[in-house]
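Q: Data file protein-v1.txt (compact mmCIF, C-alpha atoms) is appended below.
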```
# COMPACT_ATOMS: atom_id res chain seq x y z
CA MET A 103 7.23 -10.14 -15.51
CA LYS A 104 4.08 -8.99 -13.78
CA ILE A 105 4.31 -6.41 -11.02
CA THR A 106 1.82 -7.59 -8.41
CA ASP A 107 0.44 -6.20 -5.20
CA ALA A 108 0.35 -9.40 -3.14
CA GLY A 109 -2.51 -8.50 -0.85
CA ILE A 110 -5.48 -6.15 -0.95
CA ARG A 111 -8.70 -6.55 1.03
CA PRO A 112 -11.59 -5.12 -0.96
CA TYR A 113 -15.20 -4.39 0.04
CA PRO A 114 -16.89 -5.68 2.22
CA ALA A 115 -13.73 -6.21 4.33
CA GLY A 116 -12.62 -2.71 3.34
CA ASP A 117 -14.31 0.39 1.97
CA SER A 118 -13.28 0.10 -1.70
CA THR A 119 -14.58 -2.41 -4.20
CA VAL A 120 -12.24 -4.75 -6.03
CA ALA A 121 -12.95 -2.95 -9.34
CA ARG A 122 -12.04 0.42 -7.84
CA MET A 123 -8.90 -0.96 -6.21
CA ALA A 124 -7.93 -2.58 -9.50
CA LEU A 125 -8.39 0.76 -11.28
CA GLU A 126 -6.24 2.45 -8.66
CA ALA A 127 -3.58 -0.29 -8.77
CA ALA A 128 -3.32 0.06 -12.55
CA GLY A 129 -2.77 3.80 -12.11
CA LEU A 130 -0.08 3.12 -9.51
CA GLY A 131 1.96 0.91 -11.84
CA PHE A 132 0.76 -2.62 -11.04
CA ASP A 133 -0.12 -5.30 -13.59
CA SER A 134 -2.01 -7.52 -11.17
CA ALA A 135 -3.16 -7.77 -7.56
CA VAL A 136 -4.18 -10.53 -5.16
CA ALA A 137 -7.59 -9.86 -3.62
CA ILE A 138 -8.01 -11.64 -0.31
CA GLY A 139 -11.53 -12.97 0.06
CA ASP A 140 -14.09 -13.90 -2.55
CA ALA A 141 -13.30 -11.46 -5.34
CA VAL A 142 -15.61 -12.72 -8.06
CA HIS A 143 -15.28 -9.56 -10.15
CA ARG A 144 -12.62 -9.71 -12.85
CA PRO A 145 -12.14 -6.12 -14.01
CA PRO A 146 -10.57 -5.46 -17.42
CA GLY A 147 -7.04 -4.09 -17.73
CA ILE A 148 -5.57 -5.65 -14.61
CA GLU A 149 -5.46 -9.25 -13.47
CA ILE A 150 -7.04 -9.97 -10.10
CA LEU A 151 -5.95 -13.19 -8.43
CA ARG A 152 -7.87 -14.79 -5.62
CA GLY A 153 -6.13 -15.14 -2.25
CA ALA A 154 -7.10 -17.03 0.89
CA VAL A 155 -5.66 -16.43 4.34
CA ILE A 156 -5.38 -19.15 6.96
CA GLY A 157 -5.01 -17.85 10.48
CA ALA A 158 -4.50 -20.95 12.60
CA ALA A 159 -3.03 -21.69 16.01
CA SER A 160 -1.70 -25.14 15.14
CA VAL A 161 -0.29 -26.98 12.13
CA LYS A 162 -3.10 -29.52 12.45
CA GLU A 163 -5.63 -26.74 11.95
CA VAL A 164 -3.72 -25.47 8.89
CA LEU A 165 -3.76 -28.96 7.36
CA LYS A 166 -7.52 -29.06 7.94
CA ARG A 167 -8.14 -25.57 6.56
CA VAL A 168 -6.17 -26.11 3.31
CA ARG A 169 -8.82 -28.66 2.34
CA ASP A 170 -11.63 -26.06 2.57
CA PRO A 171 -13.28 -25.43 -0.82
CA ALA A 172 -12.69 -21.65 -0.46
CA VAL A 173 -8.98 -22.22 0.10
CA ARG A 174 -8.71 -24.77 -2.73
CA ARG A 175 -10.28 -22.26 -5.13
CA ALA A 176 -7.67 -19.63 -4.27
CA ASP A 177 -4.72 -18.88 -6.55
CA ILE A 178 -2.49 -17.97 -3.60
CA VAL A 179 -2.77 -19.44 -0.09
CA TYR A 180 -1.40 -17.38 2.79
CA VAL A 181 -0.76 -18.53 6.35
CA ASP A 182 -0.28 -16.12 9.25
CA ALA A 183 3.12 -16.63 10.86
CA GLY A 184 3.28 -18.02 14.38
CA ASP A 185 6.03 -19.31 16.64
CA THR A 186 9.25 -21.02 15.48
CA SER A 187 7.97 -24.61 15.35
CA PHE A 188 4.75 -23.53 13.62
CA ASN A 189 6.64 -21.61 10.93
CA ARG A 190 9.08 -24.46 10.34
CA ALA A 191 6.18 -26.87 9.85
CA VAL A 192 4.00 -24.56 7.79
CA VAL A 193 6.62 -23.85 5.10
CA SER A 194 6.80 -27.55 4.31
CA ILE A 195 3.06 -27.86 3.55
CA LYS A 196 2.63 -28.22 -0.20
CA GLU A 197 -0.59 -26.18 -0.45
CA VAL A 198 0.83 -23.14 1.36
CA ASN A 199 2.27 -20.46 -0.94
CA VAL A 200 3.08 -17.52 1.32
CA VAL A 201 3.78 -16.92 5.02
CA ARG A 202 2.44 -13.51 6.02
CA SER A 203 2.21 -11.20 9.08
CA ILE A 204 5.86 -11.83 9.84
CA HIS A 205 6.04 -8.39 11.48
CA ALA A 206 3.62 -9.58 14.18
CA ALA A 207 5.60 -12.73 14.98
CA ARG A 208 8.20 -12.95 17.72
CA ARG A 209 11.86 -12.23 16.98
CA ASN A 210 13.55 -15.22 15.30
CA ALA A 211 10.15 -16.92 14.82
CA PHE A 212 11.13 -17.25 11.17
CA ASP A 213 14.61 -18.68 11.57
CA HIS A 214 17.31 -20.18 9.34
CA VAL A 215 15.68 -23.65 9.37
CA ALA A 216 12.35 -22.25 8.18
CA ALA A 217 14.22 -20.10 5.63
CA ARG A 218 16.04 -23.11 4.17
CA THR A 219 12.84 -25.17 3.96
CA ALA A 220 10.99 -22.21 2.39
CA ALA A 221 13.70 -21.92 -0.26
CA GLU A 222 13.48 -25.66 -1.01
CA GLN A 223 9.67 -25.67 -1.17
CA GLY A 224 9.34 -22.31 -2.99
CA VAL A 225 7.26 -20.81 -0.18
CA ALA A 226 7.43 -17.03 -0.06
CA VAL A 227 7.45 -14.61 2.86
CA ASP A 228 5.20 -11.59 2.55
CA ILE A 229 6.36 -8.09 3.39
CA SER A 230 3.36 -5.89 4.09
CA MET A 231 3.62 -2.15 3.70
CA ALA A 232 0.70 -1.54 6.08
CA PRO A 233 2.76 -1.66 9.33
CA ILE A 234 5.30 0.80 7.90
CA ILE A 235 2.57 3.17 6.70
CA HIS A 236 0.12 3.00 9.59
CA LEU A 237 2.16 2.19 12.71
CA ARG A 238 4.26 4.67 14.60
CA GLY A 239 7.01 4.47 17.24
CA THR A 240 8.28 1.19 18.67
CA LYS A 241 5.75 -0.94 16.80
CA ARG A 242 7.01 0.34 13.45
CA GLN A 243 10.62 -0.04 14.58
CA ARG A 244 9.88 -3.67 15.46
CA ALA A 245 8.29 -4.27 12.05
CA LEU A 246 11.33 -2.76 10.30
CA GLN A 247 13.63 -4.99 12.39
CA ARG A 248 11.65 -8.10 11.43
CA TYR A 249 11.74 -7.16 7.74
CA ALA A 250 15.51 -6.49 7.88
CA ASP A 251 15.96 -9.89 9.53
CA VAL A 252 13.86 -11.65 6.87
CA LEU A 253 15.83 -9.83 4.16
CA SER A 254 19.16 -11.05 5.54
CA LEU A 255 17.81 -14.63 5.57
CA GLN A 256 16.48 -14.19 2.03
CA ARG A 257 19.89 -13.06 0.80
CA ARG A 258 21.49 -16.14 2.41
CA TYR A 259 18.94 -18.84 1.46
CA GLY A 260 17.14 -17.36 -1.57
CA PHE A 261 13.48 -18.01 -0.73
CA PRO A 262 11.01 -15.77 -2.58
CA LEU A 263 9.59 -12.60 -1.10
CA THR A 264 6.30 -10.93 -1.95
CA ILE A 265 5.31 -7.34 -1.26
CA SER A 266 1.75 -6.38 -0.38
CA SER A 267 0.14 -3.08 0.46
CA GLY A 268 -2.32 -4.79 2.82
CA ALA A 269 -4.78 -2.08 1.76
CA ARG A 270 -8.44 -2.18 2.76
CA SER A 271 -9.07 1.06 0.92
CA ILE A 272 -7.72 2.93 -2.09
CA LEU A 273 -6.23 5.28 0.53
CA GLY A 274 -3.96 2.45 1.69
CA GLN A 275 -2.60 1.58 -1.74
CA ARG A 276 0.86 2.86 -2.67
CA SER A 277 2.67 3.21 -5.99
CA VAL A 278 5.60 1.05 -7.05
CA ARG A 279 7.92 4.02 -6.58
CA GLU A 280 6.63 4.66 -3.06
CA ILE A 281 7.00 0.97 -2.20
CA ARG A 282 10.60 1.12 -3.42
CA GLY A 283 11.22 4.05 -1.06
CA LEU A 284 9.50 2.35 1.89
CA CYS A 285 11.45 -0.89 1.34
CA ALA A 286 14.71 1.09 1.25
CA LEU A 287 14.02 1.89 4.93
CA PHE A 288 15.04 -1.65 5.90
CA GLY A 289 17.80 -1.98 3.31
CA MET A 290 16.04 -3.57 0.35
CA THR A 291 17.54 -2.58 -2.99
CA GLY A 292 15.55 -1.57 -6.07
CA THR A 293 16.36 -4.86 -7.84
CA GLU A 294 15.20 -6.89 -4.84
CA VAL A 295 11.94 -4.91 -4.71
CA THR A 296 11.30 -5.53 -8.42
CA GLU A 297 11.99 -9.27 -7.96
CA ALA A 298 9.68 -9.41 -4.94
CA LEU A 299 6.89 -7.60 -6.77
CA ALA A 300 7.22 -10.03 -9.68
CA SER A 301 7.39 -13.22 -7.60
CA VAL A 302 3.60 -13.73 -7.25
CA GLY A 303 3.44 -14.52 -10.98
CA TRP A 304 5.57 -17.62 -10.71
CA ILE A 305 4.17 -18.63 -7.31
CA ALA A 306 0.72 -18.81 -8.93
CA GLU A 307 2.10 -20.59 -11.98
CA PRO A 308 5.35 -22.36 -11.01
CA HIS A 309 7.74 -23.67 -13.63
CA ARG A 310 7.33 -27.43 -13.31
CA PRO A 311 8.97 -30.11 -15.44
CA VAL A 312 6.98 -30.93 -18.56
CA GLU A 313 4.68 -33.92 -18.07
CA VAL A 314 3.84 -36.15 -21.03
CA VAL A 315 0.10 -36.87 -21.04
CA LYS A 316 -0.84 -40.09 -22.84
CA MET B 275 19.45 43.13 6.12
CA ARG B 276 20.47 42.42 2.55
CA PRO B 277 19.32 39.09 1.12
CA ARG B 278 21.93 36.52 0.30
CA PRO B 279 23.16 36.42 -3.28
CA PRO B 280 21.53 33.58 -5.30
CA ALA B 281 24.68 31.45 -5.40
CA MET B 282 24.83 31.36 -1.59
CA ARG B 283 21.18 30.50 -1.00
CA THR B 284 20.12 27.00 -0.01
CA LYS B 285 18.97 24.95 -2.99
CA ARG B 286 15.39 23.77 -2.62
CA ARG B 287 13.23 21.10 -4.17
CA TYR B 288 9.44 21.13 -4.40
CA ILE B 289 7.33 17.97 -4.28
CA LEU B 290 3.83 17.91 -5.75
CA ALA B 291 1.44 15.39 -4.20
CA ARG B 292 -2.21 14.71 -4.98
CA ILE B 293 -4.61 14.48 -2.03
CA LEU B 294 -6.98 11.52 -1.94
CA PRO B 295 -9.95 11.18 -1.68
CA TYR B 296 -10.90 13.77 -4.28
CA GLY B 297 -12.79 16.79 -3.03
CA VAL B 298 -11.53 16.65 0.55
CA GLN B 299 -10.85 20.10 2.05
CA VAL B 300 -7.59 20.21 4.01
CA ASP B 301 -6.22 23.16 5.96
CA GLN B 302 -2.63 24.06 5.04
CA LYS B 303 -1.52 24.29 8.67
CA GLN B 304 -3.02 20.91 9.54
CA MET B 305 -1.34 19.44 6.47
CA TYR B 306 2.00 20.88 7.64
CA PHE B 307 1.56 19.24 11.06
CA ALA B 308 0.69 15.90 9.44
CA VAL B 309 3.73 16.01 7.12
CA ILE B 310 6.11 17.02 9.93
CA GLU B 311 4.72 14.32 12.24
CA ALA B 312 5.10 11.66 9.54
CA ALA B 313 8.64 12.74 8.62
CA THR B 314 9.80 13.11 12.24
CA SER B 315 8.45 9.75 13.32
CA LEU B 316 10.12 8.08 10.33
CA PHE B 317 13.52 9.80 10.19
CA GLY B 318 13.87 11.59 13.53
CA ASP B 319 14.32 15.23 14.53
CA ALA B 320 17.90 15.57 13.28
CA ALA B 321 17.23 14.38 9.72
CA VAL B 322 13.99 16.35 9.41
CA GLY B 323 15.63 19.46 10.80
CA LEU B 324 18.25 19.26 8.06
CA ALA B 325 15.66 18.48 5.36
CA GLN B 326 13.63 21.62 6.29
CA PRO B 327 10.25 20.43 5.00
CA ALA B 328 7.45 22.99 4.68
CA VAL B 329 4.04 23.06 3.04
CA VAL B 330 4.08 25.84 0.43
CA PHE B 331 0.42 25.61 -0.49
CA CYS B 332 -2.47 23.20 -0.34
CA GLU B 333 -5.23 23.83 -2.86
CA GLY B 334 -7.27 22.21 -5.62
CA GLY B 335 -6.66 18.69 -4.36
CA TYR B 336 -2.86 19.09 -4.43
CA VAL B 337 -0.18 19.93 -1.91
CA VAL B 338 3.29 21.32 -2.64
CA VAL B 339 5.96 20.48 -0.07
CA ARG B 340 9.30 22.26 -0.04
CA CYS B 341 12.53 20.72 1.23
CA ARG B 342 16.29 21.02 0.89
CA ARG B 343 17.83 19.63 -2.28
CA GLY B 344 19.01 16.06 -1.65
CA ALA B 345 16.28 15.32 0.90
CA GLU B 346 13.43 15.07 -1.60
CA ASN B 347 13.47 11.26 -1.74
CA ASP B 348 13.22 10.98 2.06
CA ILE B 349 10.41 13.51 2.22
CA ALA B 350 8.56 11.71 -0.60
CA VAL B 351 8.80 8.46 1.45
CA ALA B 352 7.53 10.33 4.51
CA LEU B 353 4.58 11.65 2.46
CA ALA B 354 3.65 8.03 1.70
CA THR B 355 3.18 7.46 5.44
CA VAL B 356 0.70 10.32 5.92
CA THR B 357 -2.64 8.65 6.62
CA SER B 358 -4.74 11.39 8.20
CA VAL B 359 -4.98 15.14 8.57
CA ALA B 360 -7.01 16.51 11.49
CA ASP B 361 -8.91 13.20 11.93
CA GLU B 362 -9.74 13.09 8.20
CA ARG B 363 -8.49 9.97 6.41
CA ILE B 364 -6.36 10.93 3.43
CA ALA B 365 -3.53 9.64 1.27
CA LEU B 366 -0.86 11.63 -0.54
CA ARG B 367 0.26 10.42 -3.97
CA THR B 368 3.54 11.96 -5.08
CA VAL B 369 3.17 13.25 -8.63
CA ALA B 370 6.42 15.08 -9.38
CA THR B 371 9.50 16.74 -7.91
CA SER B 372 10.92 19.93 -9.33
CA GLY B 373 13.19 22.87 -8.61
CA THR B 374 10.42 25.40 -9.29
CA ILE B 375 6.79 25.72 -8.25
CA HIS B 376 6.01 26.97 -11.77
CA ALA B 377 6.93 23.58 -13.26
CA LEU B 378 4.73 21.78 -10.73
CA ARG B 379 1.72 24.01 -11.45
CA ARG B 380 1.78 22.69 -15.02
CA ARG B 381 1.34 19.14 -13.64
CA MET B 382 -1.72 20.07 -11.58
CA LYS B 383 -4.93 18.93 -13.23
CA PRO B 384 -8.23 20.03 -11.71
CA SER B 385 -10.39 17.11 -10.58
CA ARG B 386 -13.73 17.11 -12.38
CA ARG B 387 -16.30 16.22 -9.78
CA HIS B 388 -19.83 15.65 -11.03
CA SER B 389 -22.93 16.23 -8.90
CA GLY B 390 -23.59 15.29 -5.32
CA ASP B 391 -27.37 15.54 -5.52
CA GLU B 392 -27.86 11.87 -6.31
CA GLU B 393 -28.10 9.53 -3.33
CA VAL B 394 -27.92 5.80 -2.83
CA LYS B 395 -28.87 3.57 0.10
CA ILE B 396 -26.43 0.87 1.17
CA GLY B 397 -27.61 -1.18 4.13
CA GLU B 398 -29.33 1.32 6.39
CA THR B 399 -27.15 4.27 5.40
CA TYR B 400 -27.69 6.94 2.75
CA PHE B 401 -24.72 8.07 0.72
CA ALA B 402 -24.23 11.09 -1.57
CA VAL B 403 -22.84 10.06 -4.96
CA TYR B 404 -19.88 11.90 -6.50
CA ARG B 405 -18.73 10.82 -9.94
CA TYR B 406 -15.24 11.25 -11.35
CA PRO B 407 -13.55 10.49 -14.68
CA ARG B 408 -12.58 6.86 -15.47
CA GLN B 409 -15.87 5.60 -14.00
CA LYS B 410 -14.83 6.29 -10.41
CA VAL B 411 -17.63 6.89 -7.92
CA ASP B 412 -17.13 8.10 -4.35
CA LEU B 413 -19.97 7.60 -1.89
CA VAL B 414 -19.98 9.92 1.11
CA GLU B 415 -22.29 9.16 4.01
CA LYS B 416 -24.95 11.79 4.54
CA GLY B 417 -24.30 13.57 7.82
CA ILE B 418 -22.45 16.41 9.44
CA LYS B 419 -19.33 14.92 10.97
CA HIS B 420 -17.11 11.82 10.57
CA GLN B 421 -18.95 10.61 7.50
CA LYS B 422 -17.94 7.22 6.18
CA SER B 423 -16.73 7.05 2.56
CA LEU B 424 -16.99 4.16 0.12
CA PHE B 425 -15.05 3.95 -3.13
CA PHE B 426 -16.91 2.27 -5.99
CA THR B 427 -17.01 2.27 -9.78
CA GLU B 428 -19.99 2.88 -12.08
CA ALA B 429 -20.25 -0.87 -12.68
CA ASP B 430 -20.37 -1.61 -8.93
CA LEU B 431 -23.13 0.93 -8.47
CA GLU B 432 -25.17 -0.52 -11.33
CA GLU B 433 -24.86 -4.02 -9.86
CA ARG B 434 -26.53 -2.89 -6.59
```
Once more with this new file: its structure as structure tokens, please.

A:
Amino acid sequence: MKITDAGIRPYPAGDSTVARMALEAAGLGFDSAVAIGDAVHRPPGIEILRGAVIGAASVKEVLKRVRDPAVRRADIVYVDAGDTSFNRAVVSIKEVNVVRSIHAARRNAFDHVAARTAAEQGVAVDISMAPIIHLRGTKRQRALQRYADVLSLQRRYGFPLTISSGARSILGQRSVREIRGLCALFGMTGTEVTEALASVGWIAEPHRPVEVVK
Amino acid sequence: MRPRPPAMRTKRRYILARILPYGVQVDQKQMYFAVIEAATSLFGDAAVGLAQPAVVFCEGGYVVVRCRRGAENDIAVALATVTSVADERIALRTVATSGTIHALRRRMKPSRRHSGDEEVKIGETYFAVYRYPRQKVDLVEKGIKHQKSLFFTEADLEER
């Protein structure tokens, strides 16, 4: 079981290089991290996976973008959440691994139909720590509400969750213990946090039936 | 007024947190305001009033926060949401919680910062180079106020 930070944005998107963030993540109790963007550097000691984010307005655009060479190279493909119909369609696309930015979507944008499809397809929903850490007031309350809603759907339908720090700097990274405390704010238990942190491992390498190659 | 006997005093817990980035100078009062703001916005006035958080001291790259016993987990979560002190970007990494400051002082390790004379040019900007153990390199923009910081490693610097 690998404890993974499901989303960091290293230099040049942020102010810390992927090697430095990897060093920091190892010190904070992570075994691997997903670097969004072209992280060519593979530092020793911690596994860095490559992530690609698709921010699209329509499903048609998502289908087009998943064929991009940069997206095809990625270990994990993320899609930014949108409205209800978009989310329902996006979770059924084979190439998509994770739906992210759920805190920024409208209430009930990720509904029970999307949740059931996500569970069937093995598509995860990402819970980013960045809104809880950086936002204040009603915006943070809204993010906590969305996460609590996603958690109740996850408990009912059993789709995977991932947890990301969303850090662009080493100053935005948080330890596993701190993440456990932050997730407790919307009712996530310690076991659920551990499962969510470990889920990137099997999303990247799913257990498929054995194929006989002749 | 006579002090209360020890058995009747409120039990306290002390939380030790490391301040990142290394070498940043933070005023104790400003740190107190940042911690209170973070805790109040997360848990509300009533919960923070009962938790009684206070900054005991802030020196050597560490801060010790005091709170009522039983509220230490909530205050540690609140510390994770502190992102700036007096317009300076920082992060607080909880190191340990204890019933005595003496025990926490044993966990405080001085950060060994090497030089600041060396400089490097990235794009059009000059940065002062500060080296730390485990090959960590902090680059601080040369200037007087609101300097940008970059966080590299020795290997990243050699590749440039």

Q: So that I can check the surroundings of Val359 of chain B, please list as JSON, numbers by chain every protein, DNA and RNA residue that reaches within 10 Å of it, counting only C-alpha atoms and ignoring chain neighbours fewer than 5 positions away.

A: {"B": [300, 301, 302, 303, 304, 305, 306, 307, 308, 309, 364, 365]}

Q: Restricting the calculation to only C-alpha atoms, which member of A:Val193, A:Val198, A:Val312, A:Ile272 is positioned closest to chain B?

A: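 Checking each of A:Val193, A:Val198, A:Val312, A:Ile272 against chain B, counting only C-alpha atoms, the winner is A:Ile272.
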
Q: I'd like to know which of A:Gly139, A:Gly109, A:Gly129, A:Pro311 is closest to chain B, using all atoms listed in the file.

A: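 Checking each of A:Gly139, A:Gly109, A:Gly129, A:Pro311 against chain B, counting all atoms listed in the file, the winner is A:Gly129.
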
Q: Show me which bits of chain B are within 10 Å of chain A, counting all atoms listed in the file, as an MDAnalysis selection string.

A: chainID B and resid 293:295 311:312 315:317 347:348 350:358 363:368 408:413 422:430

Q: Mind dumping the selected residues with C-alpha atoms as a tab-separated table (two decimals), in the frame of the given file?

A:
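New file result-v8.tsv:
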```
chain	number	residue	atom	x	y	z
B	293	ILE	CA	-4.61	14.48	-2.03
B	294	LEU	CA	-6.98	11.52	-1.94
B	295	PRO	CA	-9.95	11.18	-1.68
B	311	GLU	CA	4.72	14.32	12.24
B	312	ALA	CA	5.10	11.66	9.54
B	315	SER	CA	8.45	9.75	13.32
B	316	LEU	CA	10.12	8.08	10.33
B	317	PHE	CA	13.52	9.80	10.19
B	347	ASN	CA	13.47	11.26	-1.74
B	348	ASP	CA	13.22	10.98	2.06
B	350	ALA	CA	8.56	11.71	-0.60
B	351	VAL	CA	8.80	8.46	1.45
B	352	ALA	CA	7.53	10.33	4.51
B	353	LEU	CA	4.58	11.65	2.46
B	354	ALA	CA	3.65	8.03	1.70
B	355	THR	CA	3.18	7.46	5.44
B	356	VAL	CA	0.70	10.32	5.92
B	357	THR	CA	-2.64	8.65	6.62
B	358	SER	CA	-4.74	11.39	8.20
B	363	ARG	CA	-8.49	9.97	6.41
B	364	ILE	CA	-6.36	10.93	3.43
B	365	ALA	CA	-3.53	9.64	1.27
B	366	LEU	CA	-0.86	11.63	-0.54
B	367	ARG	CA	0.26	10.42	-3.97
B	368	THR	CA	3.54	11.96	-5.08
B	408	ARG	CA	-12.58	6.86	-15.47
B	409	GLN	CA	-15.87	5.60	-14.00
B	410	LYS	CA	-14.83	6.29	-10.41
B	411	VAL	CA	-17.63	6.89	-7.92
B	412	ASP	CA	-17.13	8.10	-4.35
B	413	LEU	CA	-19.97	7.60	-1.89
B	422	LYS	CA	-17.94	7.22	6.18
B	423	SER	CA	-16.73	7.05	2.56
B	424	LEU	CA	-16.99	4.16	0.12
B	425	PHE	CA	-15.05	3.95	-3.13
B	426	PHE	CA	-16.91	2.27	-5.99
B	427	THR	CA	-17.01	2.27	-9.78
B	428	GLU	CA	-19.99	2.88	-12.08
B	429	ALA	CA	-20.25	-0.87	-12.68
B	430	ASP	CA	-20.37	-1.61	-8.93
```

Q: Between atom CA of Arg244 of chain A and atom CA of Thr106 of chain A, what is the distance, to one decimal in Å?

A: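 Taking atom CA of Arg244 of chain A and atom CA of Thr106 of chain A, their separation equals 25.5 Å.
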
Q: Please provide the set of residues having any atom within 7 Å of Tyr288 of chain B, restricted to only C-alpha atoms, with same-chain residues fewer than 5 positions apart removed, written as a list in words.

A: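 My list of contacting residues is Val338, Val339, Arg340, Cys341, Thr371, Ser372, Gly373, Thr374 and Ile375 of chain B.
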
Q: Compile the contact shell of Arg167 of chain A as a PyMOL selection string: residues with an atom at most 9 Å away, counting all atoms listed in the file, same-chain residues fewer than 6 positions apart removed.

A: chain A and resi 156+158+173

Q: Rank nothing, just name the residue among B:Glu346, B:Val330, B:Gly323, B:Met275 nearest to Arg287 of chain B, using all atoms listed in the file.

A: B:Glu346

Q: Give the answer as one residue: which of B:Leu431, B:Met382, B:Val298, B:Leu324 has the shortest atom-to-atom distance to Lys395 of chain B, using all atoms listed in the file?

A: B:Leu431
